[in-house]
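Raw upload39.txt, compact mmCIF, C-alpha atoms:
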```
# COMPACT_ATOMS: atom_id res chain seq x y z
CA MET A 1 0.00 0.00 0.00
CA LYS A 2 1.22 3.44 -0.86
CA LYS A 3 2.74 5.66 1.83
CA ASP A 4 2.47 9.29 2.75
CA LEU A 5 5.42 11.63 2.82
CA TYR A 6 5.66 14.06 5.76
CA VAL A 7 8.00 17.03 5.45
CA PHE A 8 8.95 18.88 8.65
CA ASN A 9 12.27 20.42 7.69
CA SER A 10 12.76 23.47 5.54
CA GLY A 11 14.08 23.10 2.05
CA PHE A 12 13.33 22.78 -1.59
CA LEU A 13 10.92 20.16 -2.80
CA ARG A 14 11.39 19.47 -6.47
CA ARG A 15 10.99 17.17 -9.37
CA LYS A 16 14.27 15.49 -10.19
CA ASP A 17 14.83 12.52 -12.48
CA ASN A 18 11.10 11.89 -12.59
CA THR A 19 10.84 11.44 -8.86
CA ILE A 20 10.54 13.57 -5.74
CA MET A 21 13.67 15.13 -4.32
CA PHE A 22 13.88 17.08 -1.08
CA GLU A 23 16.91 19.32 -0.85
CA THR A 24 18.05 20.80 2.45
CA ASP A 25 21.27 22.25 3.74
CA GLU A 26 22.21 18.76 4.82
CA GLY A 27 21.83 17.24 1.40
CA LYS A 28 19.46 15.69 -1.06
CA LYS A 29 17.02 12.94 -0.40
CA TYR A 30 15.02 11.11 -3.01
CA PHE A 31 11.59 9.58 -2.48
CA PRO A 32 10.05 6.98 -4.78
CA VAL A 33 7.17 8.82 -6.40
CA GLU A 34 5.38 5.63 -7.41
CA GLU A 35 5.05 4.62 -3.77
CA ILE A 36 3.66 7.92 -2.49
CA GLU A 37 0.00 8.64 -2.09
CA SER A 38 -0.02 12.12 -0.59
CA VAL A 39 2.44 14.66 0.76
CA PHE A 40 2.01 16.52 4.06
CA ILE A 41 4.02 19.70 4.42
CA PHE A 42 4.74 21.25 7.83
CA GLY A 43 8.07 22.92 7.18
CA GLU A 44 8.98 26.04 5.25
CA VAL A 45 9.21 24.37 1.91
CA ASP A 46 9.79 25.96 -1.50
CA ILE A 47 7.81 24.49 -4.33
CA ASN A 48 7.64 25.39 -7.98
CA LYS A 49 5.04 24.87 -10.65
CA ARG A 50 6.99 22.07 -12.22
CA PHE A 51 6.67 20.14 -8.99
CA LEU A 52 2.92 20.70 -8.81
CA GLU A 53 2.55 19.63 -12.42
CA PHE A 54 4.40 16.49 -11.54
CA MET A 55 2.07 15.90 -8.60
CA THR A 56 -0.90 16.21 -10.94
CA GLU A 57 0.64 13.77 -13.34
CA LYS A 58 1.11 11.26 -10.54
CA ASN A 59 -2.22 12.06 -8.84
CA ILE A 60 -0.71 13.03 -5.50
CA CYS A 61 -2.47 15.46 -3.15
CA VAL A 62 -0.24 17.94 -1.32
CA HIS A 63 -1.54 19.08 2.09
CA PHE A 64 -0.14 22.20 3.70
CA PHE A 65 -0.07 23.10 7.40
CA ASN A 66 1.16 26.39 8.78
CA ARG A 67 3.60 26.84 11.61
CA TYR A 68 0.81 26.90 14.15
CA GLU A 69 -0.15 23.48 12.82
CA TYR A 70 -3.39 24.72 11.29
CA TYR A 71 -4.50 23.16 8.09
CA VAL A 72 -3.81 25.69 5.33
CA GLY A 73 -5.09 23.88 2.30
CA THR A 74 -4.52 21.19 -0.21
CA TYR A 75 -3.15 21.16 -3.69
CA TYR A 76 -5.90 18.97 -5.06
CA PRO A 77 -4.83 17.88 -8.54
CA ARG A 78 -7.33 17.83 -11.35
CA GLU A 79 -9.73 14.94 -10.79
CA HIS A 80 -8.50 11.77 -12.39
CA TYR A 81 -11.51 9.65 -11.57
CA ASN A 82 -14.20 11.64 -13.26
CA SER A 83 -17.77 10.57 -13.33
CA GLY A 84 -20.63 12.88 -14.14
CA ILE A 85 -23.19 10.36 -12.99
CA VAL A 86 -21.67 10.08 -9.51
CA ILE A 87 -21.73 13.85 -9.06
CA LEU A 88 -25.34 14.05 -10.19
CA LYS A 89 -26.31 11.35 -7.74
CA GLN A 90 -24.32 12.97 -4.97
CA VAL A 91 -26.18 16.22 -5.53
CA GLU A 92 -29.49 14.38 -5.70
CA PHE A 93 -28.85 12.88 -2.27
CA TYR A 94 -27.97 16.31 -0.96
CA ASN A 95 -30.99 18.12 -2.34
CA ASP A 96 -33.51 15.53 -1.23
CA TYR A 97 -33.70 16.45 2.45
CA ASN A 98 -34.87 13.01 3.55
CA LYS A 99 -31.99 11.32 1.81
CA ARG A 100 -29.53 13.86 3.17
CA ILE A 101 -30.65 13.53 6.78
CA THR A 102 -30.51 9.74 6.53
CA ILE A 103 -26.86 9.89 5.55
CA ALA A 104 -26.13 12.52 8.20
CA ARG A 105 -27.77 10.35 10.86
CA SER A 106 -25.74 7.32 9.82
CA ILE A 107 -22.55 9.34 10.09
CA VAL A 108 -23.36 10.61 13.58
CA GLU A 109 -24.48 7.15 14.64
CA GLY A 110 -21.21 5.67 13.37
CA ALA A 111 -19.19 8.31 15.20
CA VAL A 112 -21.06 7.77 18.47
CA LEU A 113 -20.90 3.98 18.25
CA ASN A 114 -17.17 4.23 17.76
CA MET A 115 -16.89 6.52 20.78
CA LEU A 116 -18.75 3.88 22.77
CA VAL A 117 -16.37 1.19 21.54
CA VAL A 118 -13.44 3.24 22.85
CA LEU A 119 -15.16 3.97 26.19
CA ARG A 120 -16.23 0.34 26.73
CA TYR A 121 -12.68 -0.79 26.16
CA TYR A 122 -11.33 1.56 28.82
CA ASN A 123 -14.22 0.73 31.10
CA SER A 124 -13.28 -2.94 30.93
CA ARG A 125 -9.77 -1.95 31.94
CA GLY A 126 -11.12 -0.42 35.15
CA ASN A 127 -11.54 3.23 34.23
CA MET A 128 -15.05 3.50 35.74
CA LEU A 129 -16.85 4.95 32.76
CA LYS A 130 -20.15 3.16 33.30
CA ASP A 131 -22.21 6.31 33.94
CA GLU A 132 -20.87 8.13 30.91
CA ILE A 133 -21.48 5.11 28.69
CA GLU A 134 -25.07 4.95 29.86
CA THR A 135 -25.57 8.67 29.27
CA ILE A 136 -24.24 8.40 25.74
CA GLU A 137 -26.31 5.28 25.05
CA ARG A 138 -29.41 7.18 26.11
CA MET A 139 -28.51 10.12 23.89
CA LEU A 140 -27.83 7.75 20.99
CA HIS A 141 -31.55 6.93 20.80
CA ASN A 142 -32.34 10.58 20.11
CA ILE A 143 -30.44 10.46 16.82
CA ASN A 144 -33.30 8.74 15.03
CA SER A 145 -35.81 11.37 16.07
CA CYS A 146 -33.65 14.22 14.75
CA ASP A 147 -35.10 15.44 11.49
CA ASP A 148 -33.01 18.54 11.14
CA VAL A 149 -29.29 18.65 10.41
CA ASN A 150 -28.65 21.48 12.85
CA THR A 151 -30.25 19.72 15.82
CA LEU A 152 -28.36 16.61 14.78
CA MET A 153 -25.08 18.50 14.89
CA ALA A 154 -26.01 19.98 18.24
CA LEU A 155 -26.82 16.52 19.61
CA GLU A 156 -23.51 15.26 18.30
CA GLY A 157 -21.80 18.15 20.05
CA ASN A 158 -23.49 17.30 23.34
CA ILE A 159 -22.48 13.67 23.08
CA ARG A 160 -18.93 14.66 22.25
CA GLU A 161 -18.86 16.85 25.35
CA VAL A 162 -19.69 13.87 27.57
CA TYR A 163 -17.19 11.81 25.64
CA TYR A 164 -14.33 14.27 25.94
CA LYS A 165 -14.93 14.53 29.71
CA CYS A 166 -14.07 10.83 29.89
CA PHE A 167 -10.56 11.65 28.71
CA ASN A 168 -9.76 12.74 32.26
CA LYS A 169 -10.42 9.24 33.52
CA ILE A 170 -8.68 7.50 30.63
CA LEU A 171 -5.61 9.74 30.76
CA ASP A 172 -4.42 9.46 34.28
CA ASP A 173 -2.15 12.48 34.07
CA GLU A 174 -2.72 15.92 35.63
CA ASN A 175 -0.71 17.53 32.86
CA PHE A 176 -3.35 16.50 30.39
CA THR A 177 -6.59 17.59 32.00
CA PHE A 178 -9.53 18.22 29.77
CA ILE A 179 -11.76 21.09 30.83
CA ARG A 180 -13.60 22.07 27.70
CA ARG A 181 -13.03 21.85 24.00
CA SER A 182 -11.22 24.90 22.69
CA LYS A 183 -9.86 25.55 19.24
CA ASN A 184 -8.37 28.42 17.25
CA PRO A 185 -6.16 28.37 19.28
CA PRO A 186 -6.35 25.33 21.55
CA LEU A 187 -5.94 26.49 25.14
CA ASP A 188 -4.46 23.41 26.74
CA LYS A 189 -2.35 20.43 25.81
CA ILE A 190 -5.15 17.97 25.34
CA ASN A 191 -6.99 20.35 23.03
CA ALA A 192 -3.80 20.90 21.08
CA LEU A 193 -3.53 17.15 20.53
CA ILE A 194 -7.18 16.80 19.51
CA SER A 195 -6.94 19.69 17.06
CA PHE A 196 -3.73 18.50 15.50
CA GLY A 197 -4.98 14.91 15.19
CA ASN A 198 -8.27 15.95 13.67
CA SER A 199 -6.65 18.15 11.06
CA LEU A 200 -4.33 15.29 10.07
CA LEU A 201 -7.32 13.00 9.74
CA TYR A 202 -9.24 15.51 7.61
CA ALA A 203 -6.32 15.67 5.20
CA THR A 204 -5.89 11.90 5.11
CA THR A 205 -9.58 11.44 4.40
CA LEU A 206 -9.48 14.03 1.65
CA GLY A 207 -6.61 12.12 0.06
CA GLU A 208 -8.66 8.92 0.18
CA ILE A 209 -11.71 10.62 -1.36
CA TYR A 210 -9.48 11.83 -4.16
CA GLN A 211 -8.89 8.20 -5.05
CA THR A 212 -12.62 7.67 -5.57
CA GLN A 213 -15.11 9.27 -7.94
CA LEU A 214 -16.83 11.22 -5.19
CA ASP A 215 -16.70 14.98 -5.06
CA PRO A 216 -15.32 16.12 -1.69
CA ARG A 217 -17.17 19.42 -1.90
CA ILE A 218 -20.57 17.86 -1.27
CA GLY A 219 -20.98 16.88 2.38
CA TYR A 220 -24.10 15.72 4.17
CA LEU A 221 -23.66 16.35 7.87
CA HIS A 222 -21.41 19.33 7.35
CA SER A 223 -23.46 21.31 4.92
CA THR A 224 -22.09 22.19 1.57
CA ASN A 225 -21.30 25.88 1.50
CA GLN A 226 -18.55 28.20 0.41
CA ARG A 227 -16.08 25.99 2.24
CA LYS A 228 -13.98 24.08 -0.21
CA PHE A 229 -14.31 20.55 1.11
CA SER A 230 -16.85 19.05 3.45
CA LEU A 231 -17.33 15.37 2.61
CA ASN A 232 -13.97 14.63 4.21
CA LEU A 233 -15.18 16.24 7.44
CA ASP A 234 -18.21 13.92 7.39
CA ILE A 235 -16.25 10.72 6.87
CA SER A 236 -13.58 11.77 9.38
CA GLU A 237 -16.25 12.01 12.13
CA ILE A 238 -16.60 8.22 12.08
CA PHE A 239 -12.89 7.60 12.44
CA LYS A 240 -11.89 10.28 14.96
CA PRO A 241 -12.51 8.12 18.06
CA ILE A 242 -10.80 5.02 16.75
CA ILE A 243 -7.83 6.68 15.10
CA VAL A 244 -7.07 10.12 16.54
CA ASP A 245 -8.25 9.58 20.11
CA ARG A 246 -6.50 6.25 20.40
CA VAL A 247 -3.27 7.81 19.17
CA ILE A 248 -3.64 10.47 21.89
CA PHE A 249 -4.31 7.87 24.60
CA SER A 250 -1.32 5.79 23.70
CA LEU A 251 1.03 8.77 23.40
CA VAL A 252 -0.01 10.19 26.76
CA ASN A 253 -0.45 6.98 28.71
CA LYS A 254 2.89 5.62 27.57
CA LYS A 255 4.39 9.00 28.54
CA VAL A 256 5.82 9.51 25.06
CA LEU A 257 4.59 13.11 25.05
CA GLY A 258 5.35 15.39 27.95
CA GLU A 259 5.71 19.02 28.98
CA LYS A 260 8.70 19.60 26.72
CA HIS A 261 6.78 18.81 23.54
CA PHE A 262 4.49 21.81 23.79
CA GLU A 263 5.00 25.53 23.42
CA LYS A 264 2.93 28.63 24.05
CA GLU A 265 1.95 30.44 20.94
CA LEU A 266 -0.75 32.97 20.02
CA ASN A 267 -2.36 32.83 23.48
CA GLY A 268 -2.73 29.12 23.04
CA ILE A 269 -0.72 25.95 23.28
CA ILE A 270 0.58 23.95 20.37
CA LEU A 271 2.87 21.01 19.77
CA ASN A 272 6.46 21.84 18.92
CA ASP A 273 8.35 20.21 16.07
CA GLN A 274 9.51 17.23 18.04
CA GLY A 275 6.04 16.71 19.46
CA LYS A 276 4.52 16.90 15.99
CA LYS A 277 6.93 14.30 14.71
CA LEU A 278 6.14 11.92 17.57
CA PHE A 279 2.45 12.42 16.97
CA VAL A 280 2.68 11.89 13.23
CA SER A 281 4.74 8.75 13.53
CA GLU A 282 2.26 7.20 15.97
CA TYR A 283 -0.64 8.36 13.80
CA ASN A 284 0.97 6.84 10.75
CA GLN A 285 1.50 3.55 12.51
CA LYS A 286 -2.17 3.55 13.40
CA LEU A 287 -3.21 4.22 9.79
CA TYR A 288 -1.23 1.25 8.56
CA ALA A 289 -2.20 -1.07 11.40
CA THR A 290 -4.45 -3.78 10.06
CA ILE A 291 -7.54 -5.51 11.36
CA THR A 292 -9.34 -8.53 10.01
CA HIS A 293 -12.32 -7.15 8.16
CA PRO A 294 -15.45 -8.96 9.37
CA LYS A 295 -17.04 -9.17 5.92
CA LEU A 296 -14.11 -9.40 3.56
CA ASN A 297 -12.20 -11.74 5.83
CA THR A 298 -8.84 -10.27 4.91
CA GLN A 299 -6.42 -7.88 6.56
CA VAL A 300 -7.39 -4.26 6.03
CA SER A 301 -5.55 -1.18 7.25
CA TYR A 302 -7.37 1.72 8.91
CA LYS A 303 -6.37 3.87 5.98
CA ARG A 304 -8.08 1.46 3.61
CA LEU A 305 -11.16 1.47 5.84
CA ILE A 306 -11.47 5.21 5.26
CA ARG A 307 -11.41 4.67 1.51
CA MET A 308 -13.94 1.86 1.84
CA GLU A 309 -16.25 4.26 3.64
CA ALA A 310 -16.17 6.47 0.55
CA TYR A 311 -16.89 3.46 -1.65
CA LYS A 312 -19.87 2.59 0.52
CA LEU A 313 -21.31 6.06 -0.05
CA GLN A 314 -20.72 5.68 -3.76
CA LYS A 315 -22.59 2.38 -3.66
CA LEU A 316 -25.47 4.09 -1.91
CA PHE A 317 -25.61 6.80 -4.56
CA LEU A 318 -25.36 4.52 -7.55
CA GLU A 319 -26.98 1.28 -6.51
CA ASN A 320 -29.06 2.35 -3.53
CA ILE A 321 -27.31 -0.09 -1.22
CA GLU A 322 -27.98 1.01 2.34
CA TYR A 323 -25.05 2.85 3.93
CA LYS A 324 -23.87 1.38 7.21
CA PRO A 325 -20.98 3.22 8.85
CA PHE A 326 -17.92 1.32 9.99
CA VAL A 327 -18.02 0.42 13.67
CA ALA A 328 -14.90 -1.00 15.27
CA ARG A 329 -15.31 -4.22 17.20
CA TRP A 330 -13.11 -3.43 20.13
CA MET B 1 5.24 -6.92 -0.85
CA PHE B 2 8.72 -5.98 0.34
CA VAL B 3 11.55 -6.18 -2.13
CA ILE B 4 15.29 -5.75 -2.14
CA LEU B 5 16.73 -4.94 -5.54
CA VAL B 6 20.41 -5.15 -6.34
CA TYR B 7 22.02 -4.47 -9.66
CA ASP B 8 25.31 -4.82 -11.41
CA VAL B 9 25.04 -2.59 -14.45
CA ASN B 10 27.67 -1.33 -16.87
CA GLU B 11 28.83 2.21 -16.09
CA LYS B 12 27.34 3.48 -19.35
CA ARG B 13 23.84 2.64 -18.20
CA VAL B 14 24.12 2.74 -14.44
CA ALA B 15 22.88 6.32 -14.12
CA LYS B 16 19.74 5.46 -16.05
CA ALA B 17 19.13 2.38 -13.94
CA LEU B 18 19.66 4.38 -10.74
CA LYS B 19 17.11 7.01 -11.78
CA LYS B 20 14.57 4.44 -12.78
CA CYS B 21 14.89 2.52 -9.52
CA ARG B 22 14.67 5.71 -7.48
CA GLN B 23 11.20 6.31 -8.88
CA TYR B 24 9.91 3.11 -7.36
CA LEU B 25 12.15 2.16 -4.44
CA THR B 26 14.32 3.76 -1.81
CA TRP B 27 18.04 3.87 -2.43
CA VAL B 28 19.89 2.40 0.55
CA GLN B 29 23.39 1.86 -0.71
CA ASN B 30 25.28 1.83 -4.00
CA SER B 31 23.47 -0.67 -6.22
CA VAL B 32 20.96 -1.56 -3.51
CA PHE B 33 17.32 -0.50 -3.22
CA GLU B 34 14.48 -1.60 -1.02
CA GLY B 35 10.87 -0.78 -0.41
CA ASN B 36 7.27 -1.81 -0.30
CA ILE B 37 5.81 -2.18 -3.73
CA SER B 38 2.76 -3.83 -5.18
CA GLU B 39 3.00 -6.76 -7.58
CA ALA B 40 1.72 -4.64 -10.47
CA THR B 41 4.01 -1.69 -9.80
CA LEU B 42 7.00 -4.02 -9.57
CA ARG B 43 6.10 -5.43 -12.99
CA ARG B 44 6.05 -1.92 -14.35
CA LEU B 45 9.45 -1.23 -12.84
CA ILE B 46 10.85 -4.41 -14.38
CA LEU B 47 9.42 -3.57 -17.81
CA GLU B 48 10.88 -0.09 -17.68
CA LEU B 49 14.24 -1.36 -16.43
CA GLU B 50 14.41 -3.80 -19.31
CA LYS B 51 14.18 -0.89 -21.71
CA VAL B 52 17.10 0.84 -20.04
CA LEU B 53 19.41 -2.14 -19.60
CA ASP B 54 21.41 -4.27 -21.94
CA LEU B 55 20.14 -7.66 -20.93
CA SER B 56 23.14 -9.48 -22.34
CA GLU B 57 25.52 -7.58 -20.10
CA ASP B 58 23.71 -6.22 -17.03
CA SER B 59 22.32 -8.09 -14.09
CA VAL B 60 19.55 -7.26 -11.66
CA ILE B 61 18.42 -9.42 -8.77
CA ILE B 62 15.14 -8.84 -6.95
CA TYR B 63 14.48 -10.52 -3.61
CA LYS B 64 10.77 -10.60 -2.83
CA PHE B 65 9.20 -11.04 0.58
CA GLN B 66 5.49 -11.37 1.15
CA ASN B 67 5.99 -9.54 4.46
CA THR B 68 8.78 -8.57 6.76
CA TRP B 69 7.71 -10.64 9.75
CA TYR B 70 10.49 -12.74 11.20
CA SER B 71 13.06 -10.64 9.40
CA GLU B 72 15.60 -8.29 10.82
CA ARG B 73 17.54 -5.48 9.26
CA GLN B 74 20.94 -5.14 10.78
CA ILE B 75 23.29 -2.36 9.87
CA ILE B 76 27.02 -2.54 10.48
CA GLY B 77 28.89 0.71 10.12
CA ILE B 78 27.04 3.74 8.87
CA GLU B 79 23.53 3.89 7.50
CA LYS B 80 23.93 5.71 4.21
CA ASN B 81 20.30 6.62 3.69
CA PRO B 82 17.82 5.90 6.47
CA VAL B 83 14.51 4.78 5.00
CA ASP B 84 12.05 7.24 6.46
CA PHE B 85 9.07 8.95 4.94
CA MET B 86 9.26 11.70 7.56
CA THR B 87 11.87 14.31 6.90
```

Using structure tokens, write down the structure from this file.
Amino acid sequence: MKKDLYVFNSGFLRRKDNTIMFETDEGKKYFPVEEIESVFIFGEVDINKRFLEFMTEKNICVHFFNRYEYYVGTYYPREHYNSGIVILKQVEFYNDYNKRITIARSIVEGAVLNMLVVLRYYNSRGNMLKDEIETIERMLHNINSCDDVNTLMALEGNIREVYYKCFNKILDDENFTFIRRSKNPPLDKINALISFGNSLLYATTLGEIYQTQLDPRIGYLHSTNQRKFSLNLDISEIFKPIIVDRVIFSLVNKKVLGEKHFEKELNGIILNDQGKKLFVSEYNQKLYATITHPKLNTQVSYKRLIRMEAYKLQKLFLENIEYKPFVARW
Amino acid sequence: MFVILVYDVNEKRVAKALKKCRQYLTWVQNSVFEGNISEATLRRLILELEKVLDLSEDSVIIYKFQNTWYSERQIIGIEKNPVDFMT
């Protein structure tokens, strides 16, 4: 399976000998272009048009993040899997409010079920999360009675609030106390981790959607608006608990990340370079970790599961096969 | 699939072979490449290499592994080019 290239250092990223070369003060390093799916850029990197043309030719998305680790944008090459019929169907499912809310509900349901999977696991390890699990289970029933996307999003927000409060019990570390969700900028370490992880996942999901015929601009839970992409936000919802949150738990509980990996910036707190690298390498390991897929009966990586989620939506649009979100089994 | 590719190519063509291999695999040492590659992409690499090489004079050996379980990569001396997709 193809890999992603993460660039943290500063230098010149160019096309050389029909492959990718990264040139820094320390020297040149070549990367096999045929084995790269997308490029994530965190450092101060110079890029020229020739390089972007090359990325288009090889169908590689380039995601940019600024120095405060915000997502800046993506060089999204011209679509190479074009299908007018898929776009028409995608729009049809957006415009028909009943169809749209059904998809939106499935997405929220998938996200919440995956949160429960995570909580039940930690509960079984003696983290005393029984009350929270019951609260969320009760709120889960309300999803079906939501017939408005805004109330659905609000409900999802309320559930997530209960869920994030559980982090305090799962992460037994005073340095990483969760008080409330804050972003732009994140105000404490745990929020910095959540924000950084989520933006990585959004980019990864966008890269996976690029490999399908779907149009990432048309989202169902996150309404389609002037924002460039929203379908990737939808699909990411389902995977946040099982990918991003688990990466956070393992980094904090194994004491890989500590005080020295954060810095104060813009009235908020962000990860520093070393912290980012540690996070990305754990995140990447998670993406390529495989599970036995219950239906296909083969080994599938989490990254592939994200792509399969997009395929499932495509199947719903084209063949009207009911969309069931992925729910992890442990 | 994980592969290790080694070549012994005449000087006249070695630069071409090097460039071709760099597109698909990671250079680890003079004449040695390694990397994860799919069956189909490897075929493409081989086809393209055959165009560059003189098959009556040059030699390329590809070691294929279905996975890297039970294998170990030991380095003695310096590591010329650490294989890492984070830079």

Taking all atoms listed in the file into account, name the residue in B:Ser56, B:Asn30, B:Gln66, B:Ser38 that is nearest to chain A.
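Result for the nearest residue to chain A: B:Ser38.
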
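Of the listed residues A:Asp4, A:Glu132, A:Glu161, A:Asp46, the one whose atoms come nearest to chain B is A:Asp4, with distances taken using only C-alpha atoms.
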
At a cut-off of 8 Å, using only C-alpha atoms, what residues contact Leu287 of chain A? Leave out same-chain residues fewer than 5 positions from it and give the result as an mmCIF file with C-alpha atoms, in the frame of the given file.
```cif
data_model
loop_
_atom_site.group_PDB
_atom_site.id
_atom_site.type_symbol
_atom_site.label_atom_id
_atom_site.label_comp_id
_atom_site.auth_asym_id
_atom_site.auth_seq_id
_atom_site.Cartn_x
_atom_site.Cartn_y
_atom_site.Cartn_z
ATOM 1 C CA ILE A 243 -7.830 6.680 15.100
ATOM 2 C CA SER A 301 -5.550 -1.180 7.250
ATOM 3 C CA TYR A 302 -7.370 1.720 8.910
ATOM 4 C CA LYS A 303 -6.370 3.870 5.980
#
```

List the spatial neighbours of Met153 of chain A as a list of chain:residue names - criterion: any atom at most 10 Å away, only C-alpha atoms, same-chain residues fewer than 6 positions off excluded.
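Listed by chain and then number, they are A:Ala104, A:Arg105, A:Val108, A:Ile143, A:Cys146, A:Ile159, A:Leu221, A:His222.
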
Radius query 7 Å about (24.5, -8.3, -14.0), atoms used: only C-alpha atoms, as a VMD selection string:
chain B and resid 7 to 9 57 to 60

Give me, as JSON lines, the closest atom pair and its distance (Å, one decimal) for every residue of chain B within a cut-off of 9 Å of chain A, counting all atoms listed in the file, rows sorted by chain and rising number.
```
{"residue": "B:Met1", "atom": "CA", "partner": "A:Met1", "partner_atom": "CA", "distance": 8.7}
{"residue": "B:Lys19", "atom": "CA", "partner": "A:Asp17", "partner_atom": "CA", "distance": 6.0}
{"residue": "B:Lys20", "atom": "CA", "partner": "A:Asp17", "partner_atom": "CA", "distance": 8.1}
{"residue": "B:Cys21", "atom": "CA", "partner": "A:Pro32", "partner_atom": "CA", "distance": 8.1}
{"residue": "B:Arg22", "atom": "CA", "partner": "A:Pro32", "partner_atom": "CA", "distance": 5.5}
{"residue": "B:Gln23", "atom": "CA", "partner": "A:Pro32", "partner_atom": "CA", "distance": 4.3}
{"residue": "B:Tyr24", "atom": "CA", "partner": "A:Pro32", "partner_atom": "CA", "distance": 4.7}
{"residue": "B:Leu25", "atom": "CA", "partner": "A:Pro32", "partner_atom": "CA", "distance": 5.3}
{"residue": "B:Thr26", "atom": "CA", "partner": "A:Pro32", "partner_atom": "CA", "distance": 6.1}
{"residue": "B:Trp27", "atom": "CA", "partner": "A:Tyr30", "partner_atom": "CA", "distance": 7.9}
{"residue": "B:Gly35", "atom": "CA", "partner": "A:Glu35", "partner_atom": "CA", "distance": 8.6}
{"residue": "B:Asn36", "atom": "CA", "partner": "A:Met1", "partner_atom": "CA", "distance": 7.5}
{"residue": "B:Ile37", "atom": "CA", "partner": "A:Glu35", "partner_atom": "CA", "distance": 6.8}
{"residue": "B:Ser38", "atom": "CA", "partner": "A:Met1", "partner_atom": "CA", "distance": 7.0}
{"residue": "B:Thr41", "atom": "CA", "partner": "A:Glu34", "partner_atom": "CA", "distance": 7.8}
{"residue": "B:Asn81", "atom": "CA", "partner": "A:Lys29", "partner_atom": "CA", "distance": 8.2}
{"residue": "B:Asp84", "atom": "CA", "partner": "A:Leu5", "partner_atom": "CA", "distance": 8.7}
{"residue": "B:Phe85", "atom": "CA", "partner": "A:Leu5", "partner_atom": "CA", "distance": 5.0}
{"residue": "B:Met86", "atom": "CA", "partner": "A:Tyr6", "partner_atom": "CA", "distance": 4.7}
{"residue": "B:Thr87", "atom": "CA", "partner": "A:Val7", "partner_atom": "CA", "distance": 4.9}
```

Have a look at atom CA of Ala203 of chain A and atom CA of Glu319 of chain A and let me know their distance in Å, one decimal.
27.8 Å

Contact residues around Phe249 of chain A with all atoms listed in the file at 10 Å, ignoring same-chain residues under 3 positions, as a list in words:
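Near neighbours after the sequence-gap exclusion: Phe167, Ile170, Leu171, Asp172, Val244, Asp245, Arg246, Val252, Asn253, Lys254 and Lys255 of chain A.
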
Report, in Å to a single decimal, how far apart atom CA of Phe178 of chain A and atom CA of Ile269 of chain A are.
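About the pair atom CA of Ile269 of chain A and atom CA of Phe178 of chain A: they are 13.4 Å apart.
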
Non-local contacts of Tyr68 of chain A (9 Å; only C-alpha atoms; under 3 positions in same chain excluded) as a ChimeraX atom specification:
/A:65,71,185,265-266,270-272

For the atom pair atom CA of Asn198 of chain A and atom CA of Asp96 of chain A, what is the interatomic distance in Å to one decimal place?
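Rounded to one decimal, the two atoms are 29.3 Å apart.
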
Nearest residue to Asn114 of chain A from the set A:Lys286, A:Arg67, A:Lys165, A:Arg160 (distances using all atoms listed in the file)
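With all atoms listed in the file as the atom set, the closest residue is A:Arg160.
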
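Residues in contact with segment 10-17 of chain B at up to 7 Å, not including ones fewer than 6 positions away on its chain and judged by only C-alpha atoms, are Leu49, Val52, Leu53 and Asp58 of chain B.
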
Starting from the point (-23.9, 3.9, -1.1), work out which residues of protein, DNA or RNA have an atom no more than 12 Å away when counting only C-alpha atoms; state them as an MDAnalysis selection string.
chainID A and resid 86 89:90 93 99 102:103 106 214 308:325

Prev. selection, C-alpha atoms, output as a compact mmCIF listing (two decimals), in the coordinates of the input:
```txt
# COMPACT_ATOMS: atom_id res chain seq x y z
CA VAL A 86 -21.67 10.08 -9.51
CA LYS A 89 -26.31 11.35 -7.74
CA GLN A 90 -24.32 12.97 -4.97
CA PHE A 93 -28.85 12.88 -2.27
CA LYS A 99 -31.99 11.32 1.81
CA THR A 102 -30.51 9.74 6.53
CA ILE A 103 -26.86 9.89 5.55
CA SER A 106 -25.74 7.32 9.82
CA LEU A 214 -16.83 11.22 -5.19
CA MET A 308 -13.94 1.86 1.84
CA GLU A 309 -16.25 4.26 3.64
CA ALA A 310 -16.17 6.47 0.55
CA TYR A 311 -16.89 3.46 -1.65
CA LYS A 312 -19.87 2.59 0.52
CA LEU A 313 -21.31 6.06 -0.05
CA GLN A 314 -20.72 5.68 -3.76
CA LYS A 315 -22.59 2.38 -3.66
CA LEU A 316 -25.47 4.09 -1.91
CA PHE A 317 -25.61 6.80 -4.56
CA LEU A 318 -25.36 4.52 -7.55
CA GLU A 319 -26.98 1.28 -6.51
CA ASN A 320 -29.06 2.35 -3.53
CA ILE A 321 -27.31 -0.09 -1.22
CA GLU A 322 -27.98 1.01 2.34
CA TYR A 323 -25.05 2.85 3.93
CA LYS A 324 -23.87 1.38 7.21
CA PRO A 325 -20.98 3.22 8.85
```

Pick from A:Phe64, A:Tyr288, A:Tyr75, A:Tyr97 nearest to Leu200 of chain A, counting all atoms listed in the file
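Smallest separation from Leu200 of chain A among the options: A:Phe64.
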